[in-house]
Amino acid sequence: MLTLEKPVVMGIINATPDSFYEGHISDTKENLLSRVAKMIVDGASIIDIGGQSTRPGSVQINKNEESDRVLPIIELIHKTFPTTIISIDTYYSKVANEAILAGASMVNDISAGKFDEEMIPIVASAKVPYICMHMQGTPENMQKNPVYEDITNDILTFFIQKVEDCKKAGILDIIIDPGFGFGKTIQHNFTLLKNLKMLSMIGYPILAGLSRKSLINKTLNIDQSKALNGTTVLNTLAIQNEANILRVHDVKEAMETIQLFDAYNNAVLDQNGIDAI
């Protein structure tokens, strides 16, 4: 069971050969389990496993290759940490179904069912939570010239319809992800972050995936290896604007962000404006 009364952290495990972050498909079982164990100890409520690169300009791999990458990892993590919630990050219904059978209990789909018409029915039949993300275009072309009439209103309209489609199909637990960095300019991303709480009017939890994204790197003129501080700042703004799940590479720092924000919200001031805790 996962409660979202206050924000939780989803830790990222990339089963891809081109991951910019530590750990990738060539990891030994020992290294993989060590990284997952650290994420769990640091406070991750969900471990998100992905075998397909979705960075801008990335080339799609087929469903069989993706299955070969992720299924052994899911099986290993599920066997070693049986109570841990595992999410499969895929837009292939075949991979999602196989991952659920292997031990995953949540599906994270960057296409929100757009790339595979069987995805939403498969998730509904499996009765697992579904993270549906907004993306304009595909990973290969999404950053070439993203245009919106009104970024916040356009994405709000998209999710109103998408949630209705999911509900009609029989999906009970829906999480919405505005898709920071997926078919959006830097200005689009910051506008969306500033208006994130508007998405809460739909009535479903919000996932924010801002970890080491290009809006940080390009704004600060740094590379991903130096983007932890920027990630923490944007994660703070995300939970201030009602994000329920932080999808991150750095679990410990995200948990500290949530803990400090919680302490800040619960501070009680006396009549003189002095902290009375």
# chains A, B, ... in the order shown; residues from 1 in each chain; ligands from 1
call {"tool": "closest_atom_pairs", "arguments": {"of": "region 117-224 of chain A", "to": "region 233-236 of chain A", "cutoff": "12 Å", "atoms": "only C-alpha atoms", "output": "CSV"}}
result
residue,atom,partner,partner_atom,distance
A:Phe180,CA,A:Leu234,CA,11.2
A:Asn189,CA,A:Leu234,CA,10.7
A:Phe190,CA,A:Leu234,CA,9.3
A:Leu192,CA,A:Leu234,CA,11.8
A:Leu193,CA,A:Leu234,CA,8.3
A:Lys194,CA,A:Leu234,CA,10.1
A:Leu196,CA,A:Leu234,CA,11.8
A:Leu207,CA,A:Asn235,CA,10.7
A:Ala208,CA,A:Asn235,CA,7.8
A:Gly209,CA,A:Asn235,CA,8.6
A:Leu210,CA,A:Asn235,CA,6.9
A:Ser211,CA,A:Asn235,CA,8.0
A:Arg212,CA,A:Leu234,CA,9.8
A:Lys213,CA,A:Leu234,CA,10.2
A:Leu215,CA,A:Leu234,CA,10.0
A:Ile216,CA,A:Leu234,CA,8.5
call {"tool": "residues_around", "arguments": {"residues": "Glu65 (chain A)", "least_positions_apart": "4", "cutoff": "10 Å", "atoms": "only C-alpha atoms", "output": "list in words"}}
result
Gly51, Gln52, Ile61, Arg69, Val70 and Val95 of chain A
call {"tool": "select_by_dssp", "arguments": {"residues": "region 108-209 of chain A", "states": "strand (DSSP E or B)", "output": "count of residues only"}}
result
13
call {"tool": "select_by_dssp", "arguments": {"residues": "region 183-277 of chain A", "states": "helix (DSSP H, G or I)", "output": "NGL selection string"}}
result
:A and (186-194 or 196-202 or 214-220 or 224-226 or 228-240 or 251-265)
call {"tool": "residues_around", "arguments": {"residues": "Pro7 (chain A)", "least_positions_apart": "2", "cutoff": "9 Å", "atoms": "only C-alpha atoms", "output": "count of residues only"}}
result
12
call {"tool": "residues_around", "arguments": {"residues": "region 163-167 of chain A", "least_positions_apart": "4", "cutoff": "8 Å", "atoms": "only C-alpha atoms", "output": "list of chain:residue names"}}
result
A:Ile120, A:Ala124, A:Phe159, A:Ile171, A:Leu172, A:Ile174
call {"tool": "residues_around", "arguments": {"residues": "Lys114 (chain A)", "least_positions_apart": "6", "cutoff": "10 Å", "atoms": "only C-alpha atoms", "output": "PyMOL selection string"}}
result
chain A and resi 91+120+132+134-135
call {"tool": "closest_residue", "arguments": {"among": "A:His249, A:Lys29, A:Lys144, A:Lys184", "to": "Ile47 (chain A)", "atoms": "only C-alpha atoms"}}
result
A:His249
call {"tool": "residues_around", "arguments": {"residues": "Met133 (chain A)", "least_positions_apart": "4", "cutoff": "8 Å", "atoms": "only C-alpha atoms", "output": "ChimeraX atom specification"}}
result
/A:108-112,176-179
call {"tool": "closest_residue", "arguments": {"among": "A:Pro129, A:Pro72, A:Pro17, A:Gly170", "to": "Leu2 (chain A)", "atoms": "only C-alpha atoms"}}
result
A:Pro129
